[in-house]
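Below is the file run_24.cif, which contains mmCIF, C-alpha atoms (C1' of nucleotides).
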data_final
loop_
_atom_site.label_atom_id
_atom_site.label_comp_id
_atom_site.auth_asym_id
_atom_site.auth_seq_id
_atom_site.Cartn_x
_atom_site.Cartn_y
_atom_site.Cartn_z
CA MET A 160 -14.78 37.23 -19.89
CA THR A 161 -16.90 34.17 -19.94
CA THR A 162 -17.56 32.45 -16.68
CA ARG A 163 -17.54 29.08 -18.40
CA ALA A 164 -14.80 26.60 -17.59
CA GLY A 165 -14.55 24.78 -20.90
CA ARG A 166 -10.91 23.67 -21.07
CA GLN A 167 -10.94 20.04 -20.21
CA GLY A 168 -10.40 17.88 -23.25
CA ASN A 169 -13.99 16.76 -22.98
CA GLN A 170 -16.36 18.16 -25.55
CA ASN A 171 -19.68 18.30 -23.76
CA VAL A 172 -18.93 21.01 -21.23
CA SER A 173 -22.32 22.57 -21.85
CA GLU A 174 -23.87 19.36 -20.51
CA ILE A 175 -24.59 20.52 -17.01
CA PRO A 176 -25.06 17.58 -14.63
CA LEU A 177 -28.64 16.72 -13.71
CA PRO A 178 -28.36 17.37 -9.95
CA ALA A 179 -26.84 20.79 -10.61
CA LEU A 180 -29.56 21.57 -13.12
CA PHE A 181 -32.34 20.65 -10.69
CA THR A 182 -30.66 22.59 -7.89
CA GLN A 183 -30.35 25.71 -10.03
CA ALA A 184 -33.99 25.48 -11.08
CA LYS A 185 -35.02 25.16 -7.43
CA ASP A 186 -32.80 28.05 -6.39
CA VAL A 187 -34.00 30.56 -8.99
CA THR A 188 -37.63 29.66 -8.32
CA LEU A 189 -37.25 29.96 -4.58
CA ALA A 190 -35.33 33.22 -4.87
CA GLU A 191 -38.16 34.74 -6.87
CA LEU A 192 -40.83 33.38 -4.52
CA HIS A 193 -39.15 34.70 -1.39
CA ARG A 194 -38.33 38.01 -3.00
CA ARG A 195 -41.96 38.60 -3.92
CA LEU A 196 -43.31 37.36 -0.61
CA ASP A 197 -41.01 39.79 1.13
CA GLU A 198 -42.16 42.50 -1.27
CA GLU A 199 -45.76 41.88 -0.23
CA GLY A 200 -44.89 42.21 3.44
CA PHE A 201 -44.49 38.54 4.32
CA GLU A 202 -41.05 38.74 5.85
CA GLY A 203 -38.79 36.13 7.30
CA ILE A 204 -40.15 33.23 5.26
CA ARG A 205 -37.49 30.68 4.48
CA TYR A 206 -37.18 27.44 2.56
CA SER A 207 -38.04 25.09 5.42
CA HIS A 208 -41.25 26.92 6.26
CA GLY A 209 -42.85 25.31 3.23
CA ALA A 210 -43.15 22.10 5.22
CA VAL A 211 -45.87 23.78 7.29
CA PHE A 212 -47.59 25.85 4.60
CA ARG A 213 -47.79 22.90 2.23
CA PHE A 214 -49.17 20.28 4.58
CA ILE A 215 -51.22 22.01 7.25
CA ASP A 216 -54.98 21.38 7.32
CA ALA A 217 -57.45 24.25 7.16
CA GLU A 218 -58.60 23.52 10.72
CA GLY A 219 -55.01 23.06 11.96
CA SER A 220 -52.79 20.03 12.37
CA ARG A 221 -50.75 18.31 15.02
CA LEU A 222 -47.00 18.61 14.94
CA THR A 223 -46.58 14.87 14.51
CA VAL A 224 -48.95 14.82 11.54
CA LEU A 225 -47.08 17.67 9.88
CA ALA A 226 -43.78 15.93 10.50
CA GLY A 227 -45.10 12.73 8.98
CA ARG A 228 -46.47 14.43 5.90
CA SER A 229 -43.36 16.49 5.23
CA GLY A 230 -40.94 13.67 5.95
CA LEU A 231 -39.13 15.74 8.59
CA SER A 232 -38.48 14.73 12.16
CA LYS A 233 -40.88 16.20 14.69
CA GLN A 234 -37.97 18.04 16.31
CA ALA A 235 -37.09 19.75 13.05
CA LEU A 236 -40.70 20.60 12.41
CA GLY A 237 -41.15 21.89 15.94
CA GLU A 238 -38.36 24.34 15.36
CA VAL A 239 -39.91 25.50 12.10
CA VAL A 240 -43.23 26.04 13.88
CA THR A 241 -41.52 28.05 16.62
CA GLU A 242 -39.93 30.22 13.95
CA LEU A 243 -43.25 30.76 12.16
CA GLU A 244 -44.95 31.46 15.48
CA ARG A 245 -42.38 34.14 16.23
CA HIS A 246 -43.20 35.80 12.90
CA GLY A 247 -46.93 35.56 13.53
CA TYR A 248 -47.82 33.08 10.80
CA VAL A 249 -49.02 30.23 13.04
CA GLU A 250 -50.14 29.66 16.62
CA ARG A 251 -50.07 26.70 18.95
CA ALA A 252 -53.35 25.82 20.66
CA PRO A 253 -53.82 23.00 23.17
CA ASP A 254 -55.86 20.09 21.85
CA PRO A 255 -59.06 19.91 23.96
CA VAL A 256 -59.31 16.16 23.42
CA ASP A 257 -55.72 15.05 23.86
CA HIS A 258 -53.87 17.03 26.46
CA ARG A 259 -50.48 15.90 25.24
CA ALA A 260 -51.00 17.39 21.81
CA LYS A 261 -51.12 20.93 20.53
CA ILE A 262 -52.88 22.02 17.40
CA ILE A 263 -50.90 24.16 15.02
CA ARG A 264 -53.11 26.60 13.19
CA LEU A 265 -52.46 29.31 10.60
CA THR A 266 -53.19 32.83 11.77
CA GLU A 267 -54.92 35.26 9.41
CA ARG A 268 -51.51 36.51 8.38
CA GLY A 269 -50.43 32.90 7.83
CA LYS A 270 -53.41 32.17 5.62
CA LYS A 271 -52.72 35.26 3.56
CA ALA A 272 -49.08 34.22 3.17
CA GLN A 273 -50.16 30.75 2.09
CA VAL A 274 -52.49 32.17 -0.54
CA ALA A 275 -49.83 34.62 -1.71
CA ALA A 276 -47.22 31.88 -2.07
CA THR A 277 -49.55 29.73 -4.17
CA ARG A 278 -50.44 32.69 -6.36
CA ILE A 279 -46.81 33.70 -6.86
CA LEU A 280 -45.77 30.19 -7.81
CA GLU A 281 -48.62 29.95 -10.29
CA ASP A 282 -47.61 33.32 -11.67
CA ILE A 283 -43.99 32.24 -12.09
CA GLU A 284 -45.06 29.11 -13.93
CA GLN A 285 -47.39 31.11 -16.12
CA ARG A 286 -44.67 33.58 -17.02
CA TRP A 287 -42.43 30.71 -18.03
CA ALA A 288 -45.28 29.36 -20.12
CA GLN A 289 -45.69 32.69 -21.88
CA HIS A 290 -42.01 33.06 -22.69
CA LEU A 291 -40.98 29.46 -23.32
CA GLY A 292 -44.19 27.79 -24.45
CA ARG A 293 -47.19 26.61 -22.51
CA ASP A 294 -46.98 23.00 -23.66
CA ARG A 295 -43.24 22.83 -23.03
CA ILE A 296 -43.55 24.00 -19.42
CA GLY A 297 -46.52 21.75 -18.82
CA GLY A 298 -44.57 18.87 -20.34
CA MET A 299 -41.58 19.58 -18.13
CA ARG A 300 -43.79 19.40 -15.07
CA ILE A 301 -45.31 16.10 -16.09
CA VAL A 302 -41.99 14.51 -17.05
CA LEU A 303 -40.42 15.69 -13.78
CA GLU A 304 -43.21 14.09 -11.81
CA GLU A 305 -42.83 10.88 -13.77
CA VAL A 306 -39.08 10.88 -13.24
CA VAL A 307 -39.52 11.26 -9.49
CA ARG A 308 -42.15 8.54 -9.39
CA PHE A 309 -40.01 6.23 -11.54
CA GLU A 310 -36.86 6.66 -9.40
CA LYS A 311 -38.76 6.34 -6.15
CA ALA A 312 -40.32 3.11 -7.38
CA ARG A 313 -36.84 1.86 -8.28
CA GLN A 314 -35.20 2.93 -5.03
CA GLY A 315 -38.18 2.62 -2.74
CA PRO A 316 -38.89 -1.13 -2.61
CA SER A 317 -36.01 -1.60 -0.20
CA ARG A 318 -37.73 0.68 2.25
CA CYS A 319 -40.15 -1.00 4.61
CA MET B 132 -56.70 11.39 -20.00
CA THR B 133 -54.05 10.78 -17.51
CA THR B 134 -54.51 11.47 -13.84
CA ARG B 135 -53.69 15.09 -14.37
CA ALA B 136 -55.79 17.62 -12.50
CA GLY B 137 -56.94 20.65 -14.36
CA ARG B 138 -56.54 23.94 -12.55
CA GLN B 139 -60.15 24.57 -11.79
CA GLY B 140 -59.65 26.45 -8.59
CA ASN B 141 -59.99 23.23 -6.70
CA GLN B 142 -57.15 22.80 -4.23
CA ASN B 143 -56.13 19.45 -5.57
CA VAL B 144 -53.24 17.85 -3.74
CA SER B 145 -51.57 16.54 -6.89
CA GLU B 146 -50.25 19.99 -7.80
CA ILE B 147 -46.90 19.75 -6.15
CA PRO B 148 -45.13 23.13 -5.82
CA LEU B 149 -42.26 23.76 -8.24
CA PRO B 150 -39.48 24.08 -5.63
CA ALA B 151 -40.54 20.80 -4.03
CA LEU B 152 -40.65 19.13 -7.42
CA PHE B 153 -37.15 20.28 -8.33
CA THR B 154 -35.84 19.28 -4.92
CA GLN B 155 -37.31 15.80 -5.19
CA ALA B 156 -35.85 15.34 -8.67
CA LYS B 157 -32.44 16.39 -7.35
CA ASP B 158 -32.71 14.12 -4.34
CA VAL B 159 -33.64 10.93 -6.20
CA THR B 160 -30.94 11.56 -8.81
CA LEU B 161 -28.29 12.21 -6.20
CA ALA B 162 -29.34 9.22 -4.14
CA GLU B 163 -28.90 6.96 -7.15
CA LEU B 164 -25.58 8.53 -8.12
CA HIS B 165 -24.09 8.20 -4.65
CA ARG B 166 -25.44 4.71 -4.19
CA ARG B 167 -23.79 3.51 -7.38
CA LEU B 168 -20.54 5.36 -6.74
CA ASP B 169 -20.37 3.71 -3.36
CA GLU B 170 -21.16 0.37 -5.00
CA GLU B 171 -18.17 0.81 -7.30
CA GLY B 172 -15.87 1.48 -4.38
CA PHE B 173 -15.90 5.29 -4.42
CA GLU B 174 -16.89 5.88 -0.83
CA GLY B 175 -17.49 9.02 1.14
CA ILE B 176 -18.54 11.12 -1.83
CA ARG B 177 -21.13 13.71 -0.91
CA TYR B 178 -23.15 16.38 -2.61
CA SER B 179 -20.73 19.26 -2.10
CA HIS B 180 -17.83 17.34 -3.62
CA GLY B 181 -19.30 17.97 -7.04
CA ALA B 182 -17.96 21.50 -6.85
CA VAL B 183 -14.47 20.08 -7.27
CA PHE B 184 -15.19 17.22 -9.69
CA ARG B 185 -17.21 19.47 -11.96
CA PHE B 186 -14.85 22.40 -12.26
CA ILE B 187 -11.30 21.14 -11.80
CA ASP B 188 -8.93 21.31 -14.80
CA ALA B 189 -7.13 18.21 -16.04
CA GLU B 190 -3.78 19.67 -14.98
CA GLY B 191 -5.18 20.84 -11.62
CA SER B 192 -6.62 24.13 -10.41
CA ARG B 193 -6.09 26.63 -7.68
CA LEU B 194 -8.52 26.78 -4.80
CA THR B 195 -9.53 30.33 -5.66
CA VAL B 196 -10.28 29.37 -9.26
CA LEU B 197 -12.43 26.45 -8.14
CA ALA B 198 -14.25 28.67 -5.68
CA GLY B 199 -14.94 31.21 -8.40
CA ARG B 200 -16.24 28.66 -10.86
CA SER B 201 -18.46 26.88 -8.37
CA GLY B 202 -19.77 30.06 -6.79
CA LEU B 203 -18.69 28.95 -3.33
CA SER B 204 -16.49 30.88 -0.94
CA LYS B 205 -12.88 29.76 -0.89
CA GLN B 206 -13.28 28.74 2.75
CA ALA B 207 -16.12 26.40 1.89
CA LEU B 208 -14.22 25.00 -1.05
CA GLY B 209 -11.09 24.56 1.04
CA GLU B 210 -13.04 22.39 3.43
CA VAL B 211 -14.40 20.29 0.58
CA VAL B 212 -10.88 19.82 -0.75
CA THR B 213 -9.62 18.75 2.68
CA GLU B 214 -12.41 16.20 2.82
CA LEU B 215 -11.62 14.85 -0.66
CA GLU B 216 -7.91 14.79 0.21
CA ARG B 217 -8.67 12.68 3.26
CA HIS B 218 -10.48 10.19 1.04
CA GLY B 219 -7.66 10.12 -1.49
CA TYR B 220 -9.47 11.77 -4.40
CA VAL B 221 -7.35 14.92 -4.67
CA GLU B 222 -3.95 16.21 -3.51
CA ARG B 223 -2.57 19.66 -2.79
CA ALA B 224 0.72 20.49 -4.45
CA PRO B 225 2.61 23.79 -3.98
CA ASP B 226 2.57 26.02 -7.04
CA PRO B 227 6.21 26.30 -8.26
CA VAL B 228 5.55 29.75 -9.72
CA ASP B 229 3.45 31.36 -7.00
CA HIS B 230 4.46 30.30 -3.50
CA ARG B 231 1.22 31.52 -1.98
CA ALA B 232 -0.87 29.17 -4.06
CA LYS B 233 -1.37 25.43 -4.01
CA ILE B 234 -2.50 23.42 -6.98
CA ILE B 235 -5.34 21.01 -6.37
CA ARG B 236 -5.05 17.97 -8.58
CA LEU B 237 -7.12 14.81 -8.97
CA THR B 238 -5.35 11.61 -7.99
CA GLU B 239 -5.76 8.50 -10.15
CA ARG B 240 -8.58 7.45 -7.84
CA GLY B 241 -10.09 10.89 -8.20
CA LYS B 242 -9.99 10.73 -11.99
CA LYS B 243 -11.65 7.33 -11.95
CA ALA B 244 -14.35 8.64 -9.65
CA GLN B 245 -14.91 11.61 -11.96
CA VAL B 246 -15.28 9.33 -14.96
CA ALA B 247 -17.57 6.99 -13.04
CA ALA B 248 -19.82 9.84 -11.91
CA THR B 249 -20.20 11.13 -15.47
CA ARG B 250 -20.96 7.64 -16.75
CA ILE B 251 -23.52 6.95 -14.03
CA LEU B 252 -25.33 10.24 -14.62
CA GLU B 253 -25.45 9.54 -18.35
CA ASP B 254 -26.75 6.08 -17.58
CA ILE B 255 -29.49 7.43 -15.31
CA GLU B 256 -30.59 9.87 -17.98
CA GLN B 257 -30.58 7.13 -20.60
CA ARG B 258 -32.68 4.85 -18.44
CA TRP B 259 -35.22 7.64 -18.01
CA ALA B 260 -35.18 8.10 -21.78
CA GLN B 261 -35.90 4.43 -22.35
CA HIS B 262 -38.79 4.30 -19.90
CA LEU B 263 -40.33 7.73 -20.34
CA GLY B 264 -39.36 8.72 -23.88
CA ARG B 265 -36.10 9.98 -25.31
CA ASP B 266 -37.54 13.21 -26.69
CA ARG B 267 -39.44 13.94 -23.50
CA ILE B 268 -36.35 13.64 -21.30
CA GLY B 269 -34.29 15.63 -23.77
CA GLY B 270 -37.02 18.24 -23.86
CA MET B 271 -37.16 18.44 -20.07
CA ARG B 272 -33.42 19.10 -19.99
CA ILE B 273 -33.61 21.86 -22.58
CA VAL B 274 -36.63 23.53 -20.98
CA LEU B 275 -34.98 23.38 -17.55
CA GLU B 276 -31.88 25.06 -18.90
CA GLU B 277 -34.01 27.74 -20.55
CA VAL B 278 -35.97 28.30 -17.36
CA VAL B 279 -32.78 28.78 -15.37
CA ARG B 280 -31.33 31.12 -17.99
CA PHE B 281 -34.59 33.07 -18.16
CA GLU B 282 -34.91 33.50 -14.39
CA LYS B 283 -31.25 34.39 -13.98
CA ALA B 284 -31.59 37.03 -16.69
CA ARG B 285 -34.63 38.41 -14.88
CA GLN B 286 -33.08 38.39 -11.42
CA GLY B 287 -29.49 39.04 -12.42
CA PRO B 288 -29.66 42.59 -13.81
CA SER B 289 -30.84 43.99 -10.48
CA ARG B 290 -27.92 42.45 -8.67
CA CYS B 291 -24.53 44.14 -8.47
"C1'" DA C 250 15.29 48.86 -3.40
"C1'" DC C 251 11.19 49.89 -0.86
"C1'" DG C 252 6.75 50.62 0.88
"C1'" DG C 253 1.81 50.04 -0.22
"C1'" DT C 254 -1.62 47.14 -1.95
"C1'" DA C 255 -3.70 43.05 -3.74
"C1'" DT C 256 -4.00 38.02 -3.68
"C1'" DT C 257 -3.65 33.11 -1.73
"C1'" DG C 258 -5.17 30.01 1.45
"C1'" DT C 259 -6.33 29.06 6.42
"C1'" DC C 260 -8.40 29.75 11.12
"C1'" DA C 261 -12.34 31.04 13.84
"C1'" DA C 262 -17.00 31.63 14.55
"C1'" DG C 263 -21.76 31.94 13.11
"C1'" DT C 264 -26.15 30.41 10.41
"C1'" DC C 265 -29.43 27.23 8.41
"C1'" DA C 266 -31.55 22.87 7.81
"C1'" DC C 267 -31.67 19.00 9.20
"C1'" DC C 268 -30.60 14.59 12.37
"C1'" DT C 269 -30.67 11.10 16.81
"C1'" DG C 270 -31.25 10.33 21.74
"C1'" DA C 271 -33.46 11.29 26.10
"C1'" DC C 272 -37.26 12.68 28.66
"C1'" DG C 273 -41.74 14.27 31.33
"C1'" DA C 274 -46.48 14.40 30.65
"C1'" DA C 275 -50.62 12.47 29.01
"C1'" DT C 276 -53.21 8.66 26.94
"C1'" DC C 277 -54.20 3.89 25.68
"C1'" DA C 278 -54.37 -1.25 26.33
"C1'" DC C 279 -55.35 -4.87 29.20
"C1'" DG D 96 -53.88 0.18 38.07
"C1'" DT D 97 -49.82 -0.83 36.02
"C1'" DG D 98 -47.22 -0.84 31.74
"C1'" DA D 99 -46.52 0.46 27.15
"C1'" DT D 100 -47.18 3.92 23.79
"C1'" DT D 101 -47.61 8.57 21.93
"C1'" DC D 102 -46.99 13.85 22.12
"C1'" DG D 103 -44.05 17.49 22.08
"C1'" DT D 104 -39.67 19.49 23.82
"C1'" DC D 105 -34.72 19.77 25.33
"C1'" DA D 106 -29.98 18.81 24.36
"C1'" DG D 107 -26.47 17.96 21.32
"C1'" DG D 108 -24.45 16.80 16.74
"C1'" DT D 109 -23.64 17.06 11.50
"C1'" DG D 110 -23.33 18.91 6.80
"C1'" DA D 111 -23.12 22.75 3.93
"C1'" DC D 112 -22.48 26.78 3.72
"C1'" DT D 113 -21.43 32.18 5.26
"C1'" DT D 114 -18.44 36.49 6.81
"C1'" DG D 115 -14.34 38.38 9.18
"C1'" DA D 116 -9.56 38.32 10.32
"C1'" DC D 117 -5.00 37.04 9.28
"C1'" DA D 118 0.13 35.66 7.85
"C1'" DA D 119 2.61 34.81 3.88
"C1'" DT D 120 3.63 35.92 -0.60
"C1'" DA D 121 3.42 38.53 -4.99
"C1'" DC D 122 2.83 42.78 -7.66
"C1'" DC D 123 3.52 47.68 -8.67
"C1'" DG D 124 4.73 52.54 -8.71
"C1'" DT D 125 8.16 55.51 -7.24
#

I need this file expressed as structure tokens, please.
Amino acid sequence: MTTRAGRQGNQNVSEIPLPALFTQAKDVTLAELHRRLDEEGFEGIRYSHGAVFRFIDAEGSRLTVLAGRSGLSKQALGEVVTELERHGYVERAPDPVDHRAKIIRLTERGKKAQVAATRILEDIEQRWAQHLGRDRIGGMRIVLEEVVRFEKARQGPSRC
Amino acid sequence: MTTRAGRQGNQNVSEIPLPALFTQAKDVTLAELHRRLDEEGFEGIRYSHGAVFRFIDAEGSRLTVLAGRSGLSKQALGEVVTELERHGYVERAPDPVDHRAKIIRLTERGKKAQVAATRILEDIEQRWAQHLGRDRIGGMRIVLEEVVRFEKARQGPSRC
DNA sequence: ACGGTATTGTCAAGTCACCTGACGAATCAC
DNA sequence: GTGATTCGTCAGGTGACTTGACAATACCGT
């Protein structure tokens, strides 16, 4: 039995809507990334943790800075940091200059996880390139970035 | 030529991770879709409602069928249906054959919203095509679909 | 006709990824 | 030095899901 719906009087059933297509692409990529991270011993890493791994500075960053860069609220990011701290990927150190602030820093384990995640994502992209064409995957990346930039420019101007 | 960064081992910031890229593409598309639906008088439509609009049959569908097609649990889908019912997009009618089941059917308003959503998404894609190249957008779509199929084939066999 | 099993949809409760509002502590601006 | 601002946390809420339990109904073999 086919899992396809296909009985709707409309012809283009195979035309999967754009948001669904993007979501599926994200989901399969993330599933593979997390599966392989887990495989390598980096357990408990979830989607939202990327906000830290992606934006943290080598010498550590303040929570507020991380929140700003990731676009999350500082409360949300604080929770993510607590979670990562519990798993041993980051640590909170008091800022010697500003006693209100704490500096969030990757532990050794955190740095290794960061490197592993980058490597796995590159590997996934390379495998796609091998099977579906290097120029086609590269083109997809570029067009996606342009699409995002284009739509943000269209929607953004209202934002102050 | 363009501002592209070669992968020379330099940790250039412009290499946005794939999951983030897909998520951003989804977000800007969905923002535009919902903004324009709202503009046309179709209010209260949210992301999860697509599970109904995408998979419902013209003559109506059972909740269980919709859940199966969308991949959601029937509880989750039931909640979505209740929400859409409250906004007047769908209605629950008892199945005359099977008294356990209820048939979920689009109202006139629901059908108009469905048509509008399809039209808006086509329009968004066409505008991208005009500004960024028809073949490039078409290519992105095809490659994305292949990527999803490829990854699902890779991940799928181990499941179940 | 009857008892066992499978199916339909709903209720309850929990998880994850966010959000806003309120707040004490520390720093900055004048 | 007093007031305003900034830093991170606590409390509580929402949206989009999940699993488990359940009554009502339908199906099936005897």

Select all residues from chain A having any atom no more than 12 Å from an atom of chain D (counting only C-alpha atoms (C1' of nucleotides), ignoring ligands), output as JSON, numbers by chain.
-> {"A": [221, 222, 223, 224, 226, 232, 233, 234, 235, 236, 237, 238, 240, 241, 251, 253, 254, 257, 258, 259, 260, 261, 262, 263]}

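Minimum atom-to-atom distance to chain B, evaluated using only C-alpha atoms, belongs to A:Val307 out of A:Val307, A:Val249, A:Ala190, A:Ile175.
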
Find the smallest box with edges along x, y and z containing every listed atom of range 106-112 of chain D, then add 6 Å on each side and report centre and edge lengths in Å to one decimal, as AutoDock Vina command-line options.
--center_x -26.2 --center_y 21.8 --center_z 14.0 --size_x 19.5 --size_y 22.0 --size_z 32.6

Could you tell me which residues the PyMOL selection byres ((chain C) within 9 of (chain A)) returns for this structure, as an NGL selection string?
-> :C and (266-268 or 274-276)

Given identical sequences, can you show me chain A least-squares superposed on chain B via all its Cα atoms in order, as a short mmCIF file (atom, residue, chain, number, x, y, z; two decimals) with C-alpha atoms, in the coordinates of the input?
data_model
loop_
_atom_site.label_atom_id
_atom_site.label_comp_id
_atom_site.auth_asym_id
_atom_site.auth_seq_id
_atom_site.Cartn_x
_atom_site.Cartn_y
_atom_site.Cartn_z
CA MET A 160 -54.84 4.92 -0.27
CA THR A 161 -53.61 7.61 -2.53
CA THR A 162 -50.96 9.91 -1.23
CA ARG A 163 -52.44 12.80 -3.18
CA ALA A 164 -53.96 15.71 -1.32
CA GLY A 165 -56.62 16.78 -3.79
CA ARG A 166 -59.37 18.26 -1.62
CA GLN A 167 -59.00 21.96 -1.94
CA GLY A 168 -61.69 23.45 -4.12
CA ASN A 169 -59.07 24.15 -6.73
CA GLN A 170 -59.13 21.93 -9.78
CA ASN A 171 -55.52 21.78 -10.88
CA VAL A 172 -54.06 19.81 -8.01
CA SER A 173 -52.01 17.75 -10.43
CA GLU A 174 -50.21 20.96 -11.40
CA ILE A 175 -47.13 20.51 -9.28
CA PRO A 176 -45.33 23.83 -8.73
CA LEU A 177 -42.23 24.42 -10.84
CA PRO A 178 -39.71 24.65 -7.97
CA ALA A 179 -40.99 21.39 -6.52
CA LEU A 180 -40.81 19.74 -9.92
CA PHE A 181 -37.21 20.82 -10.47
CA THR A 182 -36.25 19.77 -6.95
CA GLN A 183 -37.77 16.32 -7.41
CA ALA A 184 -35.98 15.86 -10.73
CA LYS A 185 -32.69 16.85 -9.09
CA ASP A 186 -33.30 14.55 -6.13
CA VAL A 187 -34.12 11.41 -8.11
CA THR A 188 -31.17 11.98 -10.43
CA LEU A 189 -28.76 12.56 -7.59
CA ALA A 190 -30.07 9.57 -5.64
CA GLU A 191 -29.40 7.31 -8.60
CA LEU A 192 -25.96 8.82 -9.24
CA HIS A 193 -24.82 8.44 -5.65
CA ARG A 194 -26.30 4.98 -5.34
CA ARG A 195 -24.36 3.76 -8.37
CA LEU A 196 -21.16 5.52 -7.41
CA ASP A 197 -21.36 3.84 -4.04
CA GLU A 198 -22.06 0.55 -5.79
CA GLU A 199 -18.85 0.93 -7.78
CA GLY A 200 -16.82 1.53 -4.63
CA PHE A 201 -16.74 5.32 -4.65
CA GLU A 202 -18.05 5.89 -1.16
CA GLY A 203 -18.79 9.01 0.76
CA ILE A 204 -19.50 11.20 -2.26
CA ARG A 205 -22.10 13.83 -1.53
CA TYR A 206 -23.92 16.58 -3.38
CA SER A 207 -21.45 19.37 -2.64
CA HIS A 208 -18.48 17.39 -3.89
CA GLY A 209 -19.62 18.08 -7.43
CA ALA A 210 -18.23 21.59 -7.09
CA VAL A 211 -14.74 20.09 -7.21
CA PHE A 212 -15.29 17.28 -9.72
CA ARG A 213 -17.05 19.59 -12.16
CA PHE A 214 -14.60 22.47 -12.19
CA ILE A 215 -11.15 21.13 -11.43
CA ASP A 216 -8.51 21.29 -14.18
CA ALA A 217 -6.69 18.17 -15.32
CA GLU A 218 -3.41 19.52 -13.93
CA GLY A 219 -5.07 20.68 -10.69
CA SER A 220 -6.55 23.98 -9.59
CA ARG A 221 -6.22 26.48 -6.80
CA LEU A 222 -8.89 26.63 -4.14
CA THR A 223 -9.76 30.21 -5.04
CA VAL A 224 -10.21 29.31 -8.70
CA LEU A 225 -12.49 26.42 -7.81
CA ALA A 226 -14.49 28.65 -5.49
CA GLY A 227 -14.87 31.25 -8.21
CA ARG A 228 -15.98 28.75 -10.82
CA SER A 229 -18.48 27.00 -8.59
CA GLY A 230 -19.87 30.18 -7.08
CA LEU A 231 -19.11 28.98 -3.55
CA SER A 232 -17.11 30.83 -0.95
CA LYS A 233 -13.52 29.67 -0.59
CA GLN A 234 -14.28 28.60 2.99
CA ALA A 235 -17.09 26.34 1.84
CA LEU A 236 -14.95 24.93 -0.92
CA GLY A 237 -12.03 24.40 1.44
CA GLU A 238 -14.22 22.25 3.60
CA VAL A 239 -15.37 20.22 0.61
CA VAL A 240 -11.74 19.68 -0.40
CA THR A 241 -10.85 18.55 3.12
CA GLU A 242 -13.70 16.06 2.98
CA LEU A 243 -12.61 14.73 -0.42
CA GLU A 244 -9.01 14.57 0.77
CA ARG A 245 -10.08 12.46 3.73
CA HIS A 246 -11.75 10.02 1.33
CA GLY A 247 -8.71 9.93 -0.93
CA TYR A 248 -10.21 11.62 -3.98
CA VAL A 249 -7.98 14.72 -4.02
CA GLU A 250 -4.69 15.92 -2.55
CA ARG A 251 -3.30 19.31 -1.66
CA ALA A 252 0.14 20.13 -3.04
CA PRO A 253 2.05 23.36 -2.37
CA ASP A 254 2.33 25.63 -5.39
CA PRO A 255 6.06 25.87 -6.27
CA VAL A 256 5.58 29.35 -7.72
CA ASP A 257 3.30 30.97 -5.17
CA HIS A 258 3.99 29.85 -1.65
CA ARG A 259 0.67 31.10 -0.36
CA ALA A 260 -1.29 28.83 -2.65
CA LYS A 261 -1.86 25.11 -2.74
CA ILE A 262 -2.77 23.15 -5.80
CA ILE A 263 -5.70 20.80 -5.49
CA ARG A 264 -5.27 17.76 -7.67
CA LEU A 265 -7.37 14.65 -8.29
CA THR A 266 -5.77 11.41 -7.17
CA GLU A 267 -6.06 8.33 -9.38
CA ARG A 268 -9.09 7.31 -7.37
CA GLY A 269 -10.50 10.82 -7.85
CA LYS A 270 -10.04 10.67 -11.60
CA LYS A 271 -11.76 7.31 -11.74
CA ALA A 272 -14.66 8.68 -9.69
CA GLN A 273 -14.92 11.67 -12.02
CA VAL A 274 -15.05 9.43 -15.07
CA ALA A 275 -17.57 7.13 -13.39
CA ALA A 276 -19.85 10.02 -12.46
CA THR A 277 -19.87 11.35 -16.02
CA ARG A 278 -20.59 7.89 -17.39
CA ILE A 279 -23.41 7.25 -14.93
CA LEU A 280 -25.07 10.57 -15.68
CA GLU A 281 -24.85 9.90 -19.40
CA ASP A 282 -26.29 6.46 -18.80
CA ILE A 283 -29.21 7.86 -16.80
CA GLU A 284 -29.99 10.35 -19.54
CA GLN A 285 -29.77 7.65 -22.16
CA ARG A 286 -32.13 5.40 -20.25
CA TRP A 287 -34.63 8.23 -20.04
CA ALA A 288 -34.21 8.72 -23.77
CA GLN A 289 -34.94 5.06 -24.43
CA HIS A 290 -38.06 4.98 -22.29
CA LEU A 291 -39.49 8.45 -22.86
CA GLY A 292 -38.17 9.42 -26.28
CA ARG A 293 -34.77 10.62 -27.38
CA ASP A 294 -36.00 13.89 -28.87
CA ARG A 295 -38.18 14.65 -25.86
CA ILE A 296 -35.32 14.28 -23.38
CA GLY A 297 -32.97 16.22 -25.61
CA GLY A 298 -35.63 18.91 -25.96
CA MET A 299 -36.10 19.08 -22.20
CA ARG A 300 -32.39 19.66 -21.76
CA ILE A 301 -32.29 22.44 -24.31
CA VAL A 302 -35.41 24.17 -23.00
CA LEU A 303 -34.10 23.95 -19.42
CA GLU A 304 -30.87 25.58 -20.45
CA GLU A 305 -32.76 28.30 -22.27
CA VAL A 306 -35.01 28.88 -19.28
CA VAL A 307 -32.01 29.29 -16.99
CA ARG A 308 -30.29 31.62 -19.43
CA PHE A 309 -33.48 33.64 -19.92
CA GLU A 310 -34.14 34.09 -16.17
CA LYS A 311 -30.52 34.88 -15.42
CA ALA A 312 -30.54 37.54 -18.12
CA ARG A 313 -33.70 38.98 -16.57
CA GLN A 314 -32.47 38.86 -12.99
CA GLY A 315 -28.78 39.30 -13.63
CA PRO A 316 -28.46 42.87 -14.95
CA SER A 317 -28.80 44.21 -11.42
CA ARG A 318 -25.69 42.33 -10.44
CA CYS A 319 -22.44 44.18 -10.97
#
